[in-house]
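So this block is start_21.cif, mmCIF, C-alpha atoms:
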```
data_query
loop_
_atom_site.label_atom_id
_atom_site.label_comp_id
_atom_site.auth_asym_id
_atom_site.auth_seq_id
_atom_site.Cartn_x
_atom_site.Cartn_y
_atom_site.Cartn_z
CA MET A 1 240.22 -44.11 145.68
CA HIS A 2 236.57 -45.10 145.35
CA ARG A 3 236.03 -48.68 146.51
CA VAL A 4 233.68 -50.92 144.51
CA GLY A 5 232.49 -54.28 145.79
CA VAL A 6 230.94 -56.77 143.36
CA LEU A 7 228.70 -59.49 144.81
CA ALA A 8 228.71 -62.73 142.82
CA LEU A 9 225.72 -64.98 143.52
CA ASP A 10 225.32 -68.61 142.49
CA GLY A 11 224.40 -68.76 138.80
CA VAL A 12 226.15 -65.44 138.11
CA VAL A 13 226.47 -64.48 134.44
CA PRO A 14 230.22 -64.13 133.73
CA PHE A 15 229.94 -61.38 131.12
CA GLU A 16 228.13 -58.95 133.41
CA LEU A 17 230.24 -60.03 136.41
CA GLY A 18 233.32 -58.78 134.57
CA ILE A 19 231.89 -55.39 133.54
CA PRO A 20 232.61 -53.43 136.77
CA ALA A 21 236.23 -54.56 136.98
CA ARG A 22 236.77 -53.78 133.31
CA ILE A 23 235.10 -50.35 133.21
CA PHE A 24 236.07 -49.03 136.63
CA GLY A 25 239.44 -50.74 136.53
CA VAL A 26 240.73 -48.70 133.58
CA ALA A 27 239.54 -45.29 134.86
CA ARG A 28 242.56 -43.08 135.59
CA ASP A 29 243.13 -39.51 136.72
CA THR A 30 245.39 -37.06 134.87
CA SER A 31 248.44 -38.51 136.64
CA GLY A 32 247.58 -42.02 135.52
CA ASP A 33 246.55 -43.20 138.99
CA PRO A 34 243.50 -45.50 139.30
CA LEU A 35 240.28 -43.85 140.41
CA TYR A 36 238.56 -47.04 141.60
CA SER A 37 239.48 -50.29 143.29
CA VAL A 38 237.24 -53.25 142.43
CA THR A 39 236.95 -56.35 144.60
CA THR A 40 234.68 -59.36 144.05
CA CYS A 41 233.08 -61.43 146.77
CA SER A 42 230.49 -64.15 147.30
CA VAL A 43 228.04 -64.33 150.17
CA ASP A 44 230.14 -66.83 152.14
CA GLY A 45 233.54 -66.46 150.47
CA ARG A 46 233.25 -69.84 148.76
CA PRO A 47 233.35 -70.46 144.99
CA VAL A 48 230.16 -69.69 143.13
CA ARG A 49 228.60 -71.62 140.29
CA ALA A 50 228.63 -69.57 137.10
CA GLU A 51 225.87 -69.61 134.50
CA ALA A 52 228.55 -71.02 132.16
CA ASP A 53 230.23 -74.42 132.51
CA TYR A 54 232.66 -73.47 135.27
CA ASP A 55 232.82 -72.24 138.85
CA LEU A 56 234.39 -69.00 140.03
CA THR A 57 236.73 -68.69 143.00
CA VAL A 58 236.65 -65.43 144.97
CA SER A 59 238.89 -64.20 147.79
CA HIS A 60 236.32 -62.46 150.00
CA ASP A 61 232.97 -63.00 151.64
CA ALA A 62 230.15 -60.46 151.77
CA SER A 63 231.57 -58.73 154.85
CA LEU A 64 233.63 -56.86 152.26
CA LEU A 65 230.49 -54.93 151.27
CA ALA A 66 230.38 -53.10 154.60
CA ALA A 67 233.64 -51.33 153.74
CA VAL A 68 233.06 -50.20 150.15
CA ASP A 69 231.56 -47.06 148.60
CA THR A 70 229.62 -48.76 145.79
CA VAL A 71 228.06 -52.23 145.70
CA VAL A 72 227.39 -53.84 142.30
CA ILE A 73 225.12 -56.88 141.95
CA PRO A 74 225.43 -58.58 138.53
CA PRO A 75 222.66 -60.85 137.20
CA SER A 76 222.26 -64.48 138.11
CA HIS A 77 220.33 -67.35 136.55
CA GLY A 78 220.02 -68.98 139.97
CA LEU A 79 218.02 -66.42 141.95
CA GLY A 80 215.53 -69.06 143.10
CA PRO A 81 213.24 -67.67 145.83
CA ILE A 82 214.33 -64.11 145.06
CA ARG A 83 212.79 -64.23 141.59
CA GLU A 84 210.03 -66.71 142.36
CA GLU A 85 208.77 -65.36 145.70
CA GLY A 86 210.43 -61.98 146.16
CA ARG A 87 212.24 -63.36 149.21
CA LEU A 88 215.93 -63.04 150.09
CA PRO A 89 217.73 -66.05 151.58
CA GLU A 90 218.60 -65.26 155.18
CA GLU A 91 222.38 -65.24 154.64
CA LEU A 92 222.07 -62.78 151.75
CA ARG A 93 219.61 -60.60 153.69
CA THR A 94 222.08 -60.40 156.57
CA ALA A 95 224.92 -59.49 154.22
CA LEU A 96 222.95 -56.69 152.58
CA ALA A 97 221.75 -55.35 155.93
CA ALA A 98 225.38 -54.84 156.98
CA ILE A 99 226.07 -52.40 154.11
CA ARG A 100 226.65 -48.89 155.43
CA PRO A 101 223.89 -46.29 154.90
CA GLY A 102 224.75 -44.02 151.98
CA THR A 103 226.57 -46.74 150.04
CA ARG A 104 225.73 -46.50 146.35
CA MET A 105 223.82 -49.57 145.20
CA VAL A 106 224.02 -50.73 141.58
CA ALA A 107 222.19 -53.65 139.93
CA ILE A 108 222.91 -54.95 136.45
CA CYS A 109 220.06 -56.74 134.63
CA THR A 110 218.30 -59.20 136.98
CA GLY A 111 220.41 -57.97 139.87
CA SER A 112 217.44 -55.60 140.25
CA TYR A 113 215.50 -58.50 141.80
CA VAL A 114 217.95 -58.52 144.70
CA LEU A 115 217.60 -54.79 145.36
CA ALA A 116 213.82 -55.04 145.06
CA ALA A 117 213.62 -57.99 147.47
CA ALA A 118 215.74 -56.01 149.93
CA GLY A 119 213.21 -53.16 149.77
CA LEU A 120 215.73 -50.77 148.25
CA LEU A 121 213.58 -50.05 145.19
CA ASP A 122 210.27 -49.39 146.97
CA GLY A 123 208.69 -46.27 145.53
CA ARG A 124 211.64 -45.71 143.21
CA PRO A 125 212.17 -45.92 139.44
CA ALA A 126 214.18 -48.88 138.18
CA THR A 127 214.71 -51.08 135.17
CA THR A 128 215.88 -54.56 134.26
CA HIS A 129 216.15 -56.72 131.14
CA TRP A 130 213.06 -56.07 129.02
CA HIS A 131 212.19 -59.77 129.10
CA GLU A 132 211.98 -59.65 132.92
CA ALA A 133 210.32 -56.25 133.32
CA ASP A 134 206.70 -57.43 133.55
CA HIS A 135 207.53 -60.21 135.99
CA LEU A 136 209.57 -57.90 138.20
CA GLN A 137 206.73 -55.38 138.24
CA ARG A 138 204.14 -58.00 139.18
CA LEU A 139 206.33 -59.36 141.96
CA PHE A 140 207.29 -55.97 143.39
CA THR A 141 204.33 -53.68 142.86
CA ARG A 142 205.86 -50.75 144.76
CA VAL A 143 208.73 -50.45 142.29
CA ARG A 144 208.24 -48.14 139.28
CA ILE A 145 209.64 -50.25 136.44
CA ASP A 146 210.59 -48.56 133.17
CA PRO A 147 211.14 -51.34 130.61
CA ASP A 148 212.27 -49.04 127.79
CA VAL A 149 215.48 -47.45 129.11
CA LEU A 150 219.05 -48.74 129.18
CA PHE A 151 219.55 -47.69 132.80
CA VAL A 152 217.98 -45.67 135.60
CA ASP A 153 219.98 -43.34 137.85
CA ASP A 154 218.01 -42.57 141.00
CA GLY A 155 220.89 -41.06 142.93
CA ASP A 156 222.19 -43.65 145.37
CA VAL A 157 220.43 -46.55 143.64
CA LEU A 158 221.06 -47.34 139.97
CA THR A 159 219.77 -50.19 137.80
CA SER A 160 220.42 -51.27 134.23
CA ALA A 161 218.82 -53.32 131.51
CA GLY A 162 220.42 -56.56 130.38
CA VAL A 163 223.88 -57.56 129.23
CA ALA A 164 225.71 -54.66 127.51
CA ALA A 165 223.50 -52.11 129.27
CA GLY A 166 225.70 -52.82 132.28
CA ILE A 167 228.53 -51.20 130.32
CA ASP A 168 226.32 -48.17 129.65
CA LEU A 169 225.52 -47.87 133.34
CA CYS A 170 229.11 -48.22 134.55
CA LEU A 171 230.30 -45.64 132.00
CA HIS A 172 227.52 -43.34 133.21
CA ILE A 173 228.75 -43.75 136.78
CA VAL A 174 232.31 -42.89 135.74
CA ARG A 175 231.00 -39.83 133.93
CA ARG A 176 228.90 -38.81 136.94
CA ASP A 177 231.87 -39.24 139.27
CA HIS A 178 234.66 -37.77 137.14
CA GLY A 179 233.25 -36.08 134.02
CA SER A 180 233.00 -36.89 130.34
CA GLU A 181 236.71 -36.76 129.51
CA VAL A 182 237.52 -39.61 131.90
CA ALA A 183 234.46 -41.59 130.81
CA ASN A 184 235.28 -41.08 127.13
CA GLN A 185 238.84 -42.29 127.70
CA VAL A 186 237.51 -45.38 129.48
CA ALA A 187 235.21 -46.02 126.53
CA ARG A 188 238.09 -45.67 124.09
CA ASP A 189 240.27 -48.04 126.12
CA CYS A 190 237.46 -50.60 126.21
CA VAL A 191 236.56 -50.04 122.52
CA VAL A 192 232.91 -49.28 123.28
CA PRO A 193 230.79 -46.19 122.53
CA PRO A 194 230.68 -43.57 125.34
CA TRP A 195 226.89 -43.77 125.13
CA ARG A 196 224.31 -45.54 123.01
CA GLU A 197 221.30 -43.96 121.43
CA GLY A 198 217.74 -44.72 122.49
CA GLY A 199 216.66 -47.29 125.03
CA GLN A 200 216.11 -51.02 125.19
CA ALA A 201 212.75 -50.61 123.47
CA GLN A 202 214.70 -50.98 120.25
CA TYR A 203 215.70 -54.53 121.30
CA ILE A 204 212.24 -55.78 122.23
CA ARG A 205 211.01 -58.45 119.88
CA ARG A 206 208.89 -56.99 117.09
CA PRO A 207 208.24 -57.80 113.41
CA VAL A 208 211.39 -57.44 111.34
CA PRO A 209 211.10 -54.66 108.70
CA GLU A 210 211.56 -55.45 105.08
CA PRO A 211 215.27 -55.59 104.14
CA THR A 212 214.73 -52.92 101.51
CA THR A 213 213.45 -50.40 104.09
CA PRO A 214 216.04 -47.65 104.53
CA GLY A 215 216.98 -46.73 108.09
CA THR A 216 217.63 -43.39 109.74
CA ALA A 217 221.26 -43.94 110.77
CA ARG A 218 222.58 -41.64 108.04
CA THR A 219 220.24 -38.86 109.17
CA GLN A 220 221.21 -39.42 112.80
CA ALA A 221 224.87 -38.95 111.86
CA TRP A 222 223.96 -35.80 109.91
CA LEU A 223 222.07 -34.42 112.91
CA MET A 224 225.08 -35.00 115.16
CA GLU A 225 227.13 -32.80 112.83
CA HIS A 226 224.55 -29.97 112.88
CA LEU A 227 223.36 -29.88 116.52
CA GLY A 228 223.99 -26.16 116.79
CA GLU A 229 221.75 -25.32 113.85
CA PRO A 230 217.95 -24.88 113.74
CA LEU A 231 216.54 -28.27 112.77
CA SER A 232 212.91 -29.14 112.21
CA LEU A 233 211.20 -32.48 111.79
CA ALA A 234 210.65 -31.55 108.15
CA ASP A 235 214.42 -31.00 107.74
CA MET A 236 215.12 -34.46 109.14
CA ALA A 237 212.54 -36.14 106.93
CA ALA A 238 213.84 -34.28 103.88
CA HIS A 239 217.39 -35.46 104.61
CA ALA A 240 216.10 -39.04 104.85
CA ASN A 241 214.10 -38.46 101.66
CA VAL A 242 210.83 -39.70 103.20
CA SER A 243 207.66 -38.12 104.51
CA VAL A 244 207.54 -36.71 108.04
CA ARG A 245 205.15 -39.46 109.11
CA THR A 246 207.33 -42.24 107.70
CA PHE A 247 210.49 -40.75 109.17
CA THR A 248 208.92 -40.38 112.61
CA ARG A 249 207.71 -43.99 112.61
CA ARG A 250 211.03 -45.42 111.43
CA PHE A 251 213.01 -43.28 113.85
CA ARG A 252 210.96 -44.44 116.84
CA ASP A 253 211.18 -48.08 115.70
CA GLU A 254 214.98 -47.84 115.54
CA THR A 255 215.74 -45.74 118.62
CA GLY A 256 212.78 -46.20 120.94
CA THR A 257 212.19 -42.44 121.11
CA SER A 258 210.86 -39.61 118.95
CA PRO A 259 213.15 -37.51 116.71
CA GLY A 260 212.50 -34.42 118.83
CA GLU A 261 213.29 -36.15 122.12
CA TRP A 262 216.40 -37.73 120.61
CA LEU A 263 217.63 -34.37 119.28
CA ILE A 264 217.15 -32.62 122.62
CA ALA A 265 219.01 -35.41 124.41
CA ARG A 266 221.98 -35.12 122.03
CA ARG A 267 222.01 -31.34 122.42
CA VAL A 268 222.00 -31.69 126.19
CA ASP A 269 224.89 -34.17 125.89
CA LEU A 270 226.84 -31.60 123.86
CA ALA A 271 226.00 -28.84 126.35
CA ARG A 272 227.20 -31.01 129.24
CA HIS A 273 230.45 -31.67 127.42
CA LEU A 274 230.99 -27.93 126.82
CA LEU A 275 230.19 -27.13 130.46
CA GLU A 276 232.71 -29.75 131.59
CA THR A 277 235.53 -28.88 129.22
CA THR A 278 235.29 -25.11 128.54
CA ASP A 279 234.76 -21.81 130.35
CA LEU A 280 232.24 -20.59 127.78
CA PRO A 281 229.35 -18.53 129.20
CA VAL A 282 226.09 -20.41 129.63
CA ASP A 283 224.39 -18.50 126.80
CA VAL A 284 227.22 -19.40 124.41
CA VAL A 285 227.03 -23.07 125.46
CA ALA A 286 223.29 -22.97 124.80
CA ALA A 287 223.78 -21.47 121.34
CA ARG A 288 226.55 -23.86 120.31
CA SER A 289 224.59 -26.90 121.44
CA GLY A 290 221.45 -25.84 119.63
CA LEU A 291 219.40 -25.20 122.77
CA GLY A 292 219.03 -21.53 121.92
CA THR A 293 219.14 -19.53 125.14
CA GLY A 294 220.48 -19.94 128.63
CA VAL A 295 216.91 -20.23 129.88
CA SER A 296 216.26 -23.16 127.55
CA LEU A 297 219.55 -24.82 128.54
CA ARG A 298 218.73 -24.48 132.23
CA ARG A 299 215.31 -26.05 131.71
CA HIS A 300 216.55 -29.01 129.69
CA LEU A 301 219.65 -29.60 131.83
CA ARG A 302 217.62 -29.54 135.03
CA ALA A 303 215.20 -32.04 133.50
CA ALA A 304 218.10 -34.33 132.55
CA THR A 305 220.34 -33.99 135.61
CA GLY A 306 218.36 -32.15 138.28
CA VAL A 307 220.86 -29.28 138.52
CA THR A 308 221.52 -25.89 136.92
CA PRO A 309 224.36 -25.29 134.41
CA HIS A 310 226.41 -23.45 137.04
CA ALA A 311 225.98 -26.25 139.58
CA TYR A 312 226.83 -28.84 136.93
CA ARG A 313 229.98 -26.95 135.98
CA ARG A 314 231.06 -26.61 139.60
CA THR A 315 230.79 -30.37 139.97
CA PHE A 316 232.72 -31.37 136.85
CA ARG A 317 234.93 -28.32 136.30
CA PRO A 318 235.95 -27.01 139.72
CA ALA A 319 237.66 -23.62 139.87
CA ARG A 320 241.40 -23.89 139.38
#
```

For this file, write the structure as structure tokens.
Amino acid sequence: MHRVGVLALDGVVPFELGIPARIFGVARDTSGDPLYSVTTCSVDGRPVRAEADYDLTVSHDASLLAAVDTVVIPPSHGLGPIREEGRLPEELRTALAAIRPGTRMVAICTGSYVLAAAGLLDGRPATTHWHEADHLQRLFTRVRIDPDVLFVDDGDVLTSAGVAAGIDLCLHIVRRDHGSEVANQVARDCVVPPWREGGQAQYIRRPVPEPTTPGTARTQAWLMEHLGEPLSLADMAAHANVSVRTFTRRFRDETGTSPGEWLIARRVDLARHLLETTDLPVDVVAARSGLGTGVSLRRHLRAATGVTPHAYRRTFRPAR
């Protein structure tokens, strides 16, 4: 069983604090046995002040983190010198230094400040809540902040945007660890989508469009039903009954990405699902997912995951 330790700091935000236990806690194997154990701690084992109007009592101190496989740091509204000066309090620095090398480190929202202050994000891509992205980048210039994505997976260090993006990240981790079927079942149990379209760019404050402006949701749904077919930008715009230019602008405003990038990402998602759940040859997977040829599938899958289709299948669909 994979052990997850969640570190609650003073000022912790209760919603995000509860995400790891909820998402990882319902993940089960085919026999119904839990795949993760989740334990919460504070730095000193004492109750922590929540961002809400109550305190939280925990049963462990941060020595717990030296014995887990994944450490999750939820956001806090009481980061103090961490956010203001980029400096970890000595007790927290000592606790983080005791974590075993190779432990997977995960930050939700402003938990990224903690990883950055510990030097764990130096030279690496990361994200945080869009409202904090500029400040985090100014404070930690060696971190490569991407303010537009819902989460960043950099192997052993993962970060997410704010609030519900923590759900996206934890579901992604379940999928990475155990495949899409387990992650999809977790999503169904928690009544959340297995993944969300676009990035957090769609949530950044911008002028509100006129209420009479039609959106692209109907066309997005239509595209999902026709991923295996040849689809051009003109086809999409025609389905939405607008010009190509108007469709492209509205689509980017709503999703934070271009129609072409969005379509490729959905096709790669479908290809990954087929690789995980079927024994279809790579060329057939490519054709059914709309990526055309095995060469094209290899290129796009490597760009998305860093591995080839055969390596991906070996990971998520081991030989029986």

**Request:** Record the distance separating atom CA of Val58 of chain A and atom CA of Pro14 of chain A, expressed in Å with one decimal.
**Result:** 13.0 Å

**Request:** Provide the atom CA of Asp33 of chain A to atom CA of Ser59 of chain A distance in Å, to one decimal place.
**Result:**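 Going from atom CA of Asp33 of chain A over to atom CA of Ser59 of chain A, I get 24.0 Å.
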
**Residues within 12 Å of (212.1, -66.9, 147.6), file coords, all atoms listed in the file, listed as a ChimeraX atom specification** = /A:78-90,92-93,113-114,117-118,139

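Among the candidates A:Ala52, A:Thr277, A:Asp154, A:Ala240, the residue lying nearest to Ala221 of chain A is A:Ala240 (atoms considered: only C-alpha atoms).
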
**Message:** One number please: atom CA of Gln185 of chain A to atom CA of Val268 of chain A, in Å, one decimal.
**Reply:** 20.0 Å

**Item:** Selection result of the PyMOL selection byres ((chain A and resi 122) around 9) on this file, as a list in words
**Value:**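 Against this file, the PyMOL selection byres ((chain A and resi 122) around 9) returns the residues Ala116, Gly119, Leu120, Leu121, Gly123, Arg124, Pro125, Phe140, Thr141, Arg142, Val143 and Arg144 of chain A.
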
For the structure provided, state which residues fall under the PyMOL selection byres ((chain A and resi 7-10) around 8), and present them as a PDB file with C-alpha atoms, keeping the file's coordinate frame.
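Once everything was written out, this is selection.pdb:
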```
ATOM      1  CA  GLY A   5     232.490 -54.280 145.790  1.00  0.00           C
ATOM      2  CA  VAL A   6     230.940 -56.770 143.360  1.00  0.00           C
ATOM      3  CA  GLY A  11     224.400 -68.760 138.800  1.00  0.00           C
ATOM      4  CA  VAL A  12     226.150 -65.440 138.110  1.00  0.00           C
ATOM      5  CA  LEU A  17     230.240 -60.030 136.410  1.00  0.00           C
ATOM      6  CA  THR A  40     234.680 -59.360 144.050  1.00  0.00           C
ATOM      7  CA  CYS A  41     233.080 -61.430 146.770  1.00  0.00           C
ATOM      8  CA  SER A  42     230.490 -64.150 147.300  1.00  0.00           C
ATOM      9  CA  VAL A  43     228.040 -64.330 150.170  1.00  0.00           C
ATOM     10  CA  VAL A  48     230.160 -69.690 143.130  1.00  0.00           C
ATOM     11  CA  ARG A  49     228.600 -71.620 140.290  1.00  0.00           C
ATOM     12  CA  ALA A  50     228.630 -69.570 137.100  1.00  0.00           C
ATOM     13  CA  ALA A  62     230.150 -60.460 151.770  1.00  0.00           C
ATOM     14  CA  VAL A  71     228.060 -52.230 145.700  1.00  0.00           C
ATOM     15  CA  VAL A  72     227.390 -53.840 142.300  1.00  0.00           C
ATOM     16  CA  ILE A  73     225.120 -56.880 141.950  1.00  0.00           C
ATOM     17  CA  PRO A  74     225.430 -58.580 138.530  1.00  0.00           C
ATOM     18  CA  SER A  76     222.260 -64.480 138.110  1.00  0.00           C
ATOM     19  CA  HIS A  77     220.330 -67.350 136.550  1.00  0.00           C
ATOM     20  CA  GLY A  78     220.020 -68.980 139.970  1.00  0.00           C
ATOM     21  CA  LEU A  79     218.020 -66.420 141.950  1.00  0.00           C
TER      22      LEU A  79
END
```
